[in-house]
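K.L.:
My questions all concern the structure below.
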Amino acid sequence: MSGSTTGVPETRRRRWWARAARAVRAYVRRAPGTYVWLAILLVTTEVIRHVDTATADRILERRSTNLHHLQVSPVRVLATSALWIAGGGWLGYFALYNVFHVPAERWLGTLRWISVAMVAHVGATYLSEGVLGWAIHRGLAPPKAVYTLDYGVSYALAGVIGVLTYRIARPWRYAYLAGVLAVYGIALHQNRDYTSIGHLSAVLIGLACYPVTRDRPGVFDPVAAARALLRRRGGK
């Protein structure tokens, strides 16, 4: 009897872990691209953490989408710059990817989602660096700014945040859009730098990707979702 009594809780724990593991696998499988990207970012973040400052600078400089590299090796730096995190920690981006990239990939499908992200990444990079090039030409920025360090995933994220506007039901869509434009617009007004120009440009590029969303079903109504959640909780 003593053996069967101690075995029941252990069996229940194993079943709980098995259910949790299945739920996690199902969640990840619905947005495979997002989690592959996050895995790569985790590796590259750990690389930077475990090398000295000089080595880290050399690694990131080689992957910077500055004006110099965009002239001599644009494809290489545009691809590799999106595999490193600039500012903030991996856990912060893990949260942001789950809030924005996961629903976007599930809604659009992996191919359309990554297309929006990369178009925003590339387009915003060229727009912001183009403004910097103009400033250098006009004497508003120093010539050495062609080597400015510029890398990271934030332009792609901003583009996806922009395209998710079309996932939200009216009239909440307009409140979401106003909030997004306010956040990035205020950042541009306060910082007045080329990165802020890139972020706002990426959001606008995401908004311009409306054609890829037109045949996608499943508009999200946040109020209806909240009511459904409250009903389920009330029924338990």
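Letters A, B, ... go to the chains of the structure tokens in the order shown; residues in each chain start at 1; ligands are counted from 1 in the same order.
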Each residue of segment 14-105 of chain A with at least one atom at most 12 Å from segment 191-214 of chain A should appear once, together with its nearest atom pair and the corresponding distance in Å (one decimal); atoms considered: only C-alpha atoms; ordering: chain, then increasing residue number; output as a Markdown table.

P.N.:
```
| residue | atom | partner | partner_atom | distance |
| --- | --- | --- | --- | --- |
| A:Thr65 | CA | A:Thr195 | CA | 11.6 |
| A:Asn66 | CA | A:Tyr194 | CA | 11.2 |
| A:Ala86 | CA | A:Thr195 | CA | 11.2 |
| A:Ala104 | CA | A:Thr213 | CA | 10.1 |
| A:Glu105 | CA | A:Thr213 | CA | 11.5 |
```

K.L.:
Which polymer residues have any atom within 12 Å of an atom of segment 169-174 of chain A, counting only C-alpha atoms, with same-chain residues fewer than 4 positions away left out, as a list in words?

P.N.:
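Near neighbours after the sequence-gap exclusion: Gly162, Val163, Leu164, Thr165, Ala178, Gly179, Val180, Leu181, Ala182, Pro217, Gly218, Val219, Phe220, Asp221, Pro222, Val223, Ala224 and Ala225 of chain A.
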
K.L.:
Store the residues picked out above, limited to all heavy atoms, as a CSV table (one decimal), in the first residue's frame.

P.N.:
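Final output, out09.csv:
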```csv
chain,number,residue,atom,x,y,z
A,162,GLY,N,3.7,47.6,-37.0
A,162,GLY,CA,2.9,48.4,-37.9
A,162,GLY,C,1.9,47.5,-38.7
A,162,GLY,O,0.7,47.9,-38.7
A,163,VAL,N,2.3,46.4,-39.2
A,163,VAL,CA,1.4,45.6,-40.0
A,163,VAL,C,0.3,44.9,-39.2
A,163,VAL,O,-0.8,44.6,-39.7
A,163,VAL,CB,2.2,44.5,-40.8
A,163,VAL,CG1,2.5,43.3,-40.0
A,163,VAL,CG2,1.4,44.1,-42.1
A,164,LEU,N,0.6,44.7,-37.9
A,164,LEU,CA,-0.4,44.1,-37.0
A,164,LEU,C,-1.7,45.1,-36.8
A,164,LEU,O,-2.7,44.6,-36.3
A,164,LEU,CB,0.2,43.8,-35.6
A,164,LEU,CG,0.9,42.5,-35.5
A,164,LEU,CD1,1.5,42.3,-34.1
A,164,LEU,CD2,-0.1,41.3,-35.7
A,165,THR,N,-1.5,46.3,-37.2
A,165,THR,CA,-2.7,47.2,-37.2
A,165,THR,C,-3.9,46.6,-37.8
A,165,THR,O,-5.0,46.7,-37.4
A,165,THR,CB,-2.3,48.5,-37.9
A,165,THR,OG1,-1.3,49.2,-37.2
A,165,THR,CG2,-3.5,49.5,-37.9
A,178,ALA,N,-2.9,54.8,-33.3
A,178,ALA,CA,-2.5,56.1,-32.7
A,178,ALA,C,-1.5,55.9,-31.7
A,178,ALA,O,-0.5,56.7,-31.6
A,178,ALA,CB,-3.8,56.8,-32.1
A,179,GLY,N,-1.6,54.9,-30.9
A,179,GLY,CA,-0.6,54.6,-29.8
A,179,GLY,C,0.8,54.3,-30.4
A,179,GLY,O,1.8,54.8,-29.9
A,180,VAL,N,0.8,53.5,-31.5
A,180,VAL,CA,2.1,53.1,-32.1
A,180,VAL,C,2.7,54.4,-32.7
A,180,VAL,O,3.9,54.6,-32.5
A,180,VAL,CB,1.8,52.1,-33.2
A,180,VAL,CG1,3.1,51.9,-34.0
A,180,VAL,CG2,1.4,50.7,-32.6
A,181,LEU,N,2.0,55.2,-33.4
A,181,LEU,CA,2.6,56.4,-34.0
A,181,LEU,C,3.0,57.4,-33.0
A,181,LEU,O,4.0,58.0,-33.1
A,181,LEU,CB,1.5,57.0,-35.0
A,181,LEU,CG,1.2,56.2,-36.2
A,181,LEU,CD1,0.1,56.9,-37.0
A,181,LEU,CD2,2.4,56.0,-37.1
A,182,ALA,N,2.3,57.4,-31.9
A,182,ALA,CA,2.7,58.3,-30.8
A,182,ALA,C,4.0,57.9,-30.2
A,182,ALA,O,4.9,58.7,-29.9
A,182,ALA,CB,1.6,58.4,-29.7
A,217,PRO,N,-7.7,35.7,-42.7
A,217,PRO,CA,-8.9,35.7,-41.8
A,217,PRO,C,-8.5,35.9,-40.3
A,217,PRO,O,-7.3,35.9,-40.0
A,217,PRO,CB,-9.4,34.3,-42.0
A,217,PRO,CG,-8.2,33.5,-42.3
A,217,PRO,CD,-7.3,34.4,-43.1
A,218,GLY,N,-9.4,36.1,-39.5
A,218,GLY,CA,-9.2,36.1,-38.1
A,218,GLY,C,-8.9,37.5,-37.5
A,218,GLY,O,-7.8,37.7,-36.9
A,219,VAL,N,-9.8,38.4,-37.7
A,219,VAL,CA,-9.6,39.8,-37.0
A,219,VAL,C,-9.7,39.6,-35.5
A,219,VAL,O,-10.6,38.9,-35.0
A,219,VAL,CB,-10.6,40.8,-37.6
A,219,VAL,CG1,-10.5,42.1,-36.9
A,219,VAL,CG2,-10.4,41.0,-39.1
A,220,PHE,N,-8.8,40.3,-34.8
A,220,PHE,CA,-8.8,40.2,-33.3
A,220,PHE,C,-9.6,41.4,-32.7
A,220,PHE,O,-9.2,42.5,-33.0
A,220,PHE,CB,-7.4,40.2,-32.8
A,220,PHE,CG,-7.2,40.3,-31.4
A,220,PHE,CD1,-7.6,39.2,-30.6
A,220,PHE,CD2,-6.7,41.4,-30.7
A,220,PHE,CE1,-7.5,39.2,-29.2
A,220,PHE,CE2,-6.6,41.4,-29.3
A,220,PHE,CZ,-7.0,40.4,-28.6
A,221,ASP,N,-10.6,41.1,-31.9
A,221,ASP,CA,-11.3,42.1,-31.2
A,221,ASP,C,-11.0,42.0,-29.7
A,221,ASP,O,-11.3,41.0,-29.0
A,221,ASP,CB,-12.8,41.8,-31.4
A,221,ASP,CG,-13.7,42.9,-30.8
A,221,ASP,OD1,-13.2,43.6,-29.8
A,221,ASP,OD2,-14.8,43.2,-31.3
A,222,PRO,N,-10.2,42.9,-29.2
A,222,PRO,CA,-9.7,42.8,-27.8
A,222,PRO,C,-10.8,42.8,-26.8
A,222,PRO,O,-10.7,42.2,-25.8
A,222,PRO,CB,-8.8,44.0,-27.7
A,222,PRO,CG,-9.2,45.0,-28.8
A,222,PRO,CD,-9.7,44.1,-29.9
A,223,VAL,N,-11.9,43.6,-27.1
A,223,VAL,CA,-13.0,43.7,-26.1
A,223,VAL,C,-13.7,42.3,-26.1
A,223,VAL,O,-14.1,41.8,-25.0
A,223,VAL,CB,-13.9,44.8,-26.5
A,223,VAL,CG1,-15.2,44.8,-25.6
A,223,VAL,CG2,-13.2,46.2,-26.3
A,224,ALA,N,-14.0,41.8,-27.2
A,224,ALA,CA,-14.7,40.5,-27.3
A,224,ALA,C,-13.8,39.4,-26.6
A,224,ALA,O,-14.4,38.5,-25.9
A,224,ALA,CB,-15.0,40.1,-28.7
A,225,ALA,N,-12.5,39.5,-26.8
A,225,ALA,CA,-11.6,38.5,-26.2
A,225,ALA,C,-11.6,38.6,-24.7
A,225,ALA,O,-11.6,37.6,-24.0
A,225,ALA,CB,-10.2,38.7,-26.8
```

K.L.:
Do you have, as CSV, the list of residues of segment 23-117 of chain A lying at most 12 Å from segment 14-18 of chain A, each with its nearest atom pair and that distance in Å to one decimal, counting only C-alpha atoms and ordered by chain then number?

P.N.:
```
residue,atom,partner,partner_atom,distance
A:Ala23,CA,A:Ala18,CA,8.6
A:Val24,CA,A:Ala18,CA,9.9
A:Arg25,CA,A:Ala18,CA,10.6
```

K.L.:
Find the distance between atom CA of Arg216 of chain A and atom CA of Phe100 of chain A and write it in Å to one decimal.

P.N.:
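Between atom CA of Arg216 of chain A and atom CA of Phe100 of chain A the gap is 16.5 Å.
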
K.L.:
Quick check, in Å to one decimal: how far apart do atom CA of Pro103 of chain A and atom CA of Val116 of chain A lie?

P.N.:
13.4 Å

K.L.:
What is the atom CA of Trp90 of chain A-atom CA of Leu42 of chain A distance in Å, reported with one decimal?

P.N.:
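Atom CA of Leu42 of chain A lies 6.4 Å from atom CA of Trp90 of chain A.
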
K.L.:
Can you list, as JSON, numbers by chain, all residues belonging to segment 10-121 of chain A that DSSP tags as helix (DSSP H, G or I)?

P.N.:
{"A": [10, 11, 12, 13, 14, 15, 16, 17, 18, 19, 20, 21, 22, 23, 24, 25, 26, 27, 28, 29, 32, 33, 34, 35, 36, 37, 38, 39, 40, 41, 42, 43, 44, 45, 46, 47, 48, 49, 53, 54, 55, 56, 57, 58, 59, 60, 61, 62, 67, 68, 69, 70, 71, 72, 74, 75, 76, 77, 78, 79, 80, 81, 82, 83, 90, 91, 92, 93, 94, 95, 96, 97, 98, 99, 100, 101, 102, 103, 104, 105, 106, 107, 108, 110, 111, 112, 113, 114, 115, 116, 117, 118, 119, 120, 121]}

K.L.:
Go through A:Ala117, A:Leu70, A:Val102, A:Ala79 and flag the residue nearest Val146 of chain A, using only C-alpha atoms for the distances.

P.N.:
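For Val146 of chain A, the nearest of the candidates is A:Leu70.
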
K.L.:
From the options A:Ile136, A:Val47, A:Val36, A:Val131, which residue's atoms come nearest to Ile114 of chain A, counting only C-alpha atoms?

P.N.:
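Ranking A:Ile136, A:Val47, A:Val36, A:Val131 by distance to Ile114 of chain A, first place goes to A:Val36.
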